[in-house]
Amino acid sequence: MSSKPFNRGRWLVWSLYALLLLVAPWVWTSGLAQTMLTQMGIAIIACLAYNILLGQGGMLSFGHAVYSGLGSFLAIHSLNLVSAGSWHLPVSLVPLTGGLAGLLFAALFGFVSTKKAGTPFAMITLGLGELIWAMSLMLPEFFGGEGGISGNRVAGKAVWGVSFGPQIQIYYLIALYCFVCTALMFAFTGTPLGRMLNAVRDNPERVEFIGYDTRWVRYLAFMMSGFFAGIAGGLAALNFEIVTAEVVGAARSGAYLLFTFVGGATIFFGPILGAVLMVVALVLLSELTKAWLLYLGLLFVLMVMVAPGGFAALILMNLRLALLGQLRQIWTAYLALGSAGLTVLVGAGAMIEMLYHRQLNEALGPKMRFLGVTLDSSHLDAWFGAFMLASIGAVLFEWARRQFKLDWAKAQAAIELSAQRRAAP
């Protein structure tokens, strides 16, 4: 009888992940930081759940916020029943009611949507998402109308002093759910169903040929994704103590898609990076500039064109170079590329911010602050200076890009030559 070898690397990664979740609120102690950390934990579960469809199954869904959103509504109704004394359920288990709701609705809607694949599947999910959003305004008894449904997570007696009133207590509940759900979804990738889901993504005709029902595989994965999305929605209901129709809207579904792709849909930890970026963008970037949606759109287009594997693929590619001793050959090219790109970003950003200022804040006068510098949007010299900065940066970026391409090719050639030497007798 044989056993699998002890995987030290995997245990180290999971230990560091758990340690990071434990110490994060003690490193970032401000109220804003802890609020962002709780939202990151929720977003990690939601993006990983969505990636079961997109990355592992190749199913592009435009309405996955339906399952996290309906999970939020069922969870907030359950919380109100607990507060009223009608249900004797620990508050810590309320997110599971959201998960069961997500599973139930995924089983219902997935029975229809997973009968098709590819573009028809995407269009069906889009239609279902719009249908549920419209119903959220038509059924105020359940969805609460425009005001939504509110609740109070401090319900019942405190157990060992834990009432989930302080933000730090709700953070650790979300961190626990985040770690367990992440581990379960990672374990799912190694199951026969998870492997077959990858096969359905890559070659559905061959899967059908060897006797498997691809629609049934997609349907089971869809229900699995809906369950974890519902848990994320239930945690969001506990965190915010209010649920509105926004949680089932197209904007939320689009955010899951955009940031899962930007993080890296083909790699398991990619959606985790995307979830962190999503919270940073929605909380911080939206407060810093009114043009934040434009910047997100440009980032998405850039990632599709340059790095379709997302940030996770970029990290792994450079980690491979570092392990093989080739990263030092291209770090100067990286420095030049980053400096030129930053120059373009500053110049273009100045023009974008001045344009938005003239369109949206004209009553405040022509002057504005950008990166600590006062710009007068009514003077031509400010526009000319920003344009010249962006133009010079673009020229330098193109030169740096070509040099980086040459250095990257040399590093890859050195890796291939080293591999051939090791393989030679």
# chains A, B, ... in the order shown; residues from 1 in each chain; ligands from 1

call {"tool": "residues_around", "arguments": {"residues": "Ala84 of chain A", "least_positions_apart": "2", "cutoff": "12 Å", "atoms": "only C-alpha atoms", "output": "PyMOL selection string"}}
result
chain A and resi 77-82+86-89+151-156

call {"tool": "select_by_dssp", "arguments": {"residues": "segment 165-408 of chain A", "states": "helix (DSSP H, G or I)", "output": "ChimeraX atom specification"}}
result
/A:167-189,192-202,204-209,214-240,245-248,250-263,270-288,292-306,310-323,327-329,331-360,362-364,380-408

call {"tool": "atom_distance", "arguments": {"atom1": "atom CA of Gly144 of chain A", "atom2": "atom CA of Ala236 of chain A"}}
result
16.7 Å

call {"tool": "residues_around", "arguments": {"residues": "Thr343 of chain A", "least_positions_apart": "4", "cutoff": "10 Å", "atoms": "only C-alpha atoms", "output": "ChimeraX atom specification"}}
result
/A:337-339,347-349,386,389-394,396-397

call {"tool": "residues_around", "arguments": {"residues": "Ala313 of chain A", "least_positions_apart": "6", "cutoff": "12 Å", "atoms": "only C-alpha atoms", "output": "PyMOL selection string"}}
result
chain A and resi 261-271+273+303+306-307+319-320

call {"tool": "atom_distance", "arguments": {"atom1": "atom CA of Cys47 of chain A", "atom2": "atom CA of Met185 of chain A"}}
result
11.2 Å

call {"tool": "atom_distance", "arguments": {"atom1": "atom CA of Phe259 of chain A", "atom2": "atom CA of Met278 of chain A"}}
result
6.1 Å

call {"tool": "closest_residue", "arguments": {"among": "A:Gln167, A:Thr189, A:Ser83, A:Ser418", "to": "Thr29 of chain A", "atoms": "only C-alpha atoms"}}
result
A:Gln167

call {"tool": "residues_around", "arguments": {"residues": "Phe228 of chain A", "least_positions_apart": "4", "cutoff": "9 Å", "atoms": "only C-alpha atoms", "output": "PyMOL selection string"}}
result
chain A and resi 45-46+48-50+67-68+98-100+102-103+181+185+223-224+232-233

call {"tool": "write_last_selection", "arguments": {"atoms": "N, CA and C atoms", "output": "compact mmCIF listing (two decimals), in the first residue's frame"}}
result
# COMPACT_ATOMS: atom_id res chain seq x y z
N ILE A 45 -14.21 34.73 -2.65
CA ILE A 45 -15.12 33.60 -2.81
C ILE A 45 -15.94 33.76 -4.07
N ALA A 46 -16.46 34.97 -4.32
CA ALA A 46 -17.32 35.20 -5.48
C ALA A 46 -16.54 35.00 -6.79
N LEU A 48 -13.71 33.27 -7.28
CA LEU A 48 -13.34 31.86 -7.44
C LEU A 48 -14.54 31.03 -7.87
N ALA A 49 -15.72 31.35 -7.32
CA ALA A 49 -16.93 30.64 -7.73
C ALA A 49 -17.23 30.89 -9.20
N TYR A 50 -17.09 32.14 -9.63
CA TYR A 50 -17.33 32.46 -11.04
C TYR A 50 -16.30 31.76 -11.94
N TYR A 67 -26.83 34.70 -8.57
CA TYR A 67 -26.74 33.67 -7.54
C TYR A 67 -26.13 34.24 -6.25
N SER A 68 -25.15 35.11 -6.37
CA SER A 68 -24.65 35.76 -5.16
C SER A 68 -25.69 36.74 -4.63
N GLY A 98 -27.53 31.43 2.39
CA GLY A 98 -27.27 32.06 1.09
C GLY A 98 -26.68 31.07 0.10
N GLY A 99 -25.78 30.19 0.59
CA GLY A 99 -25.21 29.17 -0.29
C GLY A 99 -26.26 28.19 -0.79
N LEU A 100 -27.17 27.77 0.09
CA LEU A 100 -28.24 26.86 -0.33
C LEU A 100 -29.17 27.54 -1.32
N GLY A 102 -28.24 29.95 -3.42
CA GLY A 102 -27.51 29.98 -4.68
C GLY A 102 -27.53 28.63 -5.38
N LEU A 103 -27.42 27.56 -4.60
CA LEU A 103 -27.47 26.21 -5.16
C LEU A 103 -28.84 25.93 -5.76
N CYS A 181 -13.72 27.91 1.87
CA CYS A 181 -14.27 27.87 0.51
C CYS A 181 -13.16 27.80 -0.53
N MET A 185 -12.85 24.72 -3.15
CA MET A 185 -12.84 24.92 -4.60
C MET A 185 -11.54 24.46 -5.22
N MET A 223 -24.08 24.29 -10.69
CA MET A 223 -24.65 24.25 -9.34
C MET A 223 -23.58 24.46 -8.28
N MET A 224 -22.41 23.88 -8.48
CA MET A 224 -21.31 24.08 -7.55
C MET A 224 -20.93 25.55 -7.48
N ALA A 232 -20.90 33.71 -0.76
CA ALA A 232 -20.34 35.06 -0.84
C ALA A 232 -21.43 36.11 -0.64
N GLY A 233 -22.59 35.88 -1.25
CA GLY A 233 -23.70 36.81 -1.06
C GLY A 233 -24.19 36.85 0.37

call {"tool": "residues_around", "arguments": {"residues": "Gln329 of chain A", "least_positions_apart": "3", "cutoff": "8 Å", "atoms": "only C-alpha atoms", "output": "PyMOL selection string"}}
result
chain A and resi 326+332+407+411

call {"tool": "write_last_selection", "arguments": {"atoms": "C-alpha atoms", "output": "short mmCIF file (atom, residue, chain, number, x, y, z; two decimals), in the first residue's frame"}}
result
data_model
loop_
_atom_site.label_atom_id
_atom_site.label_comp_id
_atom_site.auth_asym_id
_atom_site.auth_seq_id
_atom_site.Cartn_x
_atom_site.Cartn_y
_atom_site.Cartn_z
CA GLN A 326 17.37 34.56 -16.24
CA THR A 332 16.83 46.71 -16.90
CA ASP A 407 15.92 40.54 -24.11
CA ALA A 411 16.29 34.71 -21.93
#

call {"tool": "closest_atom_pairs", "arguments": {"of": "segment 226-302 of chain A", "to": "segment 114-129 of chain A", "cutoff": "9 Å", "atoms": "only C-alpha atoms", "output": "Markdown table"}}
result
| residue | atom | partner | partner_atom | distance |
| --- | --- | --- | --- | --- |
| A:Val248 | CA | A:Gly129 | CA | 7.2 |
| A:Gly249 | CA | A:Gly129 | CA | 7.1 |
| A:Ala250 | CA | A:Gly129 | CA | 6.9 |
| A:Ser253 | CA | A:Gly129 | CA | 8.4 |

call {"tool": "write_last_selection", "arguments": {"atoms": "C-alpha atoms", "output": "short mmCIF file (atom, residue, chain, number, x, y, z; two decimals), in the first residue's frame"}}
result
data_model
loop_
_atom_site.label_atom_id
_atom_site.label_comp_id
_atom_site.auth_asym_id
_atom_site.auth_seq_id
_atom_site.Cartn_x
_atom_site.Cartn_y
_atom_site.Cartn_z
CA VAL A 248 -28.32 41.18 -8.87
CA GLY A 249 -27.58 43.83 -11.52
CA ALA A 250 -25.49 43.57 -14.65
CA SER A 253 -21.91 40.41 -13.00
#

call {"tool": "residues_around", "arguments": {"residues": "Gly165 of chain A", "least_positions_apart": "3", "cutoff": "12 Å", "atoms": "only C-alpha atoms", "output": "list in words"}}
result
Val91, Asn152, Arg153, Val154, Ala155, Gly156, Lys157, Ala158, Gly161, Val162, Ile168, Gln169, Ile170, Tyr171, Tyr172, Leu173, Leu238, Asn239, Phe240 and Glu241 of chain A

call {"tool": "write_last_selection", "arguments": {"atoms": "N, CA and C atoms", "output": "JSON list (two decimals), in the first residue's frame"}}
result
[["chain", "number", "residue", "atom", "x", "y", "z"],
["A", 91, "VAL", "N", -25.86, 33.00, 14.00],
["A", 91, "VAL", "CA", -25.59, 34.00, 12.96],
["A", 91, "VAL", "C", -24.43, 33.55, 12.07],
["A", 152, "ASN", "N", -30.01, 43.19, 11.13],
["A", 152, "ASN", "CA", -29.09, 43.45, 12.22],
["A", 152, "ASN", "C", -28.38, 42.15, 12.56],
["A", 153, "ARG", "N", -27.06, 42.13, 12.32],
["A", 153, "ARG", "CA", -26.31, 40.90, 12.54],
["A", 153, "ARG", "C", -26.07, 40.61, 14.01],
["A", 154, "VAL", "N", -26.28, 41.57, 14.89],
["A", 154, "VAL", "CA", -26.14, 41.33, 16.33],
["A", 154, "VAL", "C", -27.47, 40.77, 16.82],
["A", 155, "ALA", "N", -27.63, 39.48, 16.70],
["A", 155, "ALA", "CA", -28.88, 38.81, 17.06],
["A", 155, "ALA", "C", -28.58, 37.68, 18.02],
["A", 156, "GLY", "N", -29.43, 37.54, 19.02],
["A", 156, "GLY", "CA", -29.24, 36.48, 20.01],
["A", 156, "GLY", "C", -28.15, 36.82, 21.01],
["A", 157, "LYS", "N", -27.84, 35.85, 21.84],
["A", 157, "LYS", "CA", -26.83, 36.05, 22.87],
["A", 157, "LYS", "C", -25.42, 35.86, 22.30],
["A", 158, "ALA", "N", -24.51, 36.65, 22.82],
["A", 158, "ALA", "CA", -23.11, 36.52, 22.40],
["A", 158, "ALA", "C", -22.52, 35.22, 22.93],
["A", 161, "GLY", "N", -18.30, 35.95, 24.03],
["A", 161, "GLY", "CA", -18.06, 37.36, 23.76],
["A", 161, "GLY", "C", -18.11, 37.76, 22.29],
["A", 162, "VAL", "N", -18.49, 36.83, 21.42],
["A", 162, "VAL", "CA", -18.56, 37.11, 19.99],
["A", 162, "VAL", "C", -20.00, 37.43, 19.62],
["A", 168, "ILE", "N", -14.01, 43.72, 13.42],
["A", 168, "ILE", "CA", -12.96, 42.71, 13.47],
["A", 168, "ILE", "C", -13.55, 41.31, 13.62],
["A", 169, "GLN", "N", -14.68, 41.19, 14.32],
["A", 169, "GLN", "CA", -15.31, 39.88, 14.50],
["A", 169, "GLN", "C", -15.93, 39.39, 13.20],
["A", 170, "ILE", "N", -16.59, 40.27, 12.48],
["A", 170, "ILE", "CA", -17.18, 39.85, 11.21],
["A", 170, "ILE", "C", -16.08, 39.56, 10.19],
["A", 171, "TYR", "N", -14.92, 40.27, 10.33],
["A", 171, "TYR", "CA", -13.81, 39.98, 9.42],
["A", 171, "TYR", "C", -13.32, 38.55, 9.60],
["A", 172, "TYR", "N", -13.14, 38.13, 10.85],
["A", 172, "TYR", "CA", -12.61, 36.78, 11.07],
["A", 172, "TYR", "C", -13.62, 35.71, 10.66],
["A", 173, "LEU", "N", -14.91, 36.00, 10.76],
["A", 173, "LEU", "CA", -15.90, 35.05, 10.24],
["A", 173, "LEU", "C", -15.76, 34.93, 8.73],
["A", 238, "LEU", "N", -24.34, 39.85, 5.73],
["A", 238, "LEU", "CA", -23.93, 40.04, 7.13],
["A", 238, "LEU", "C", -23.03, 41.26, 7.29],
["A", 239, "ASN", "N", -22.15, 41.47, 6.34],
["A", 239, "ASN", "CA", -21.19, 42.56, 6.45],
["A", 239, "ASN", "C", -21.87, 43.92, 6.34],
["A", 240, "PHE", "N", -22.72, 44.09, 5.34],
["A", 240, "PHE", "CA", -23.33, 45.40, 5.09],
["A", 240, "PHE", "C", -24.66, 45.59, 5.82],
["A", 241, "GLU", "N", -25.29, 44.49, 6.22],
["A", 241, "GLU", "CA", -26.57, 44.51, 6.92],
["A", 241, "GLU", "C", -27.67, 45.18, 6.10]]

call {"tool": "closest_residue", "arguments": {"among": "A:Pro166, A:Gly41, A:Pro204, A:Gly71", "to": "Gly234 of chain A", "atoms": "only C-alpha atoms"}}
result
A:Gly71
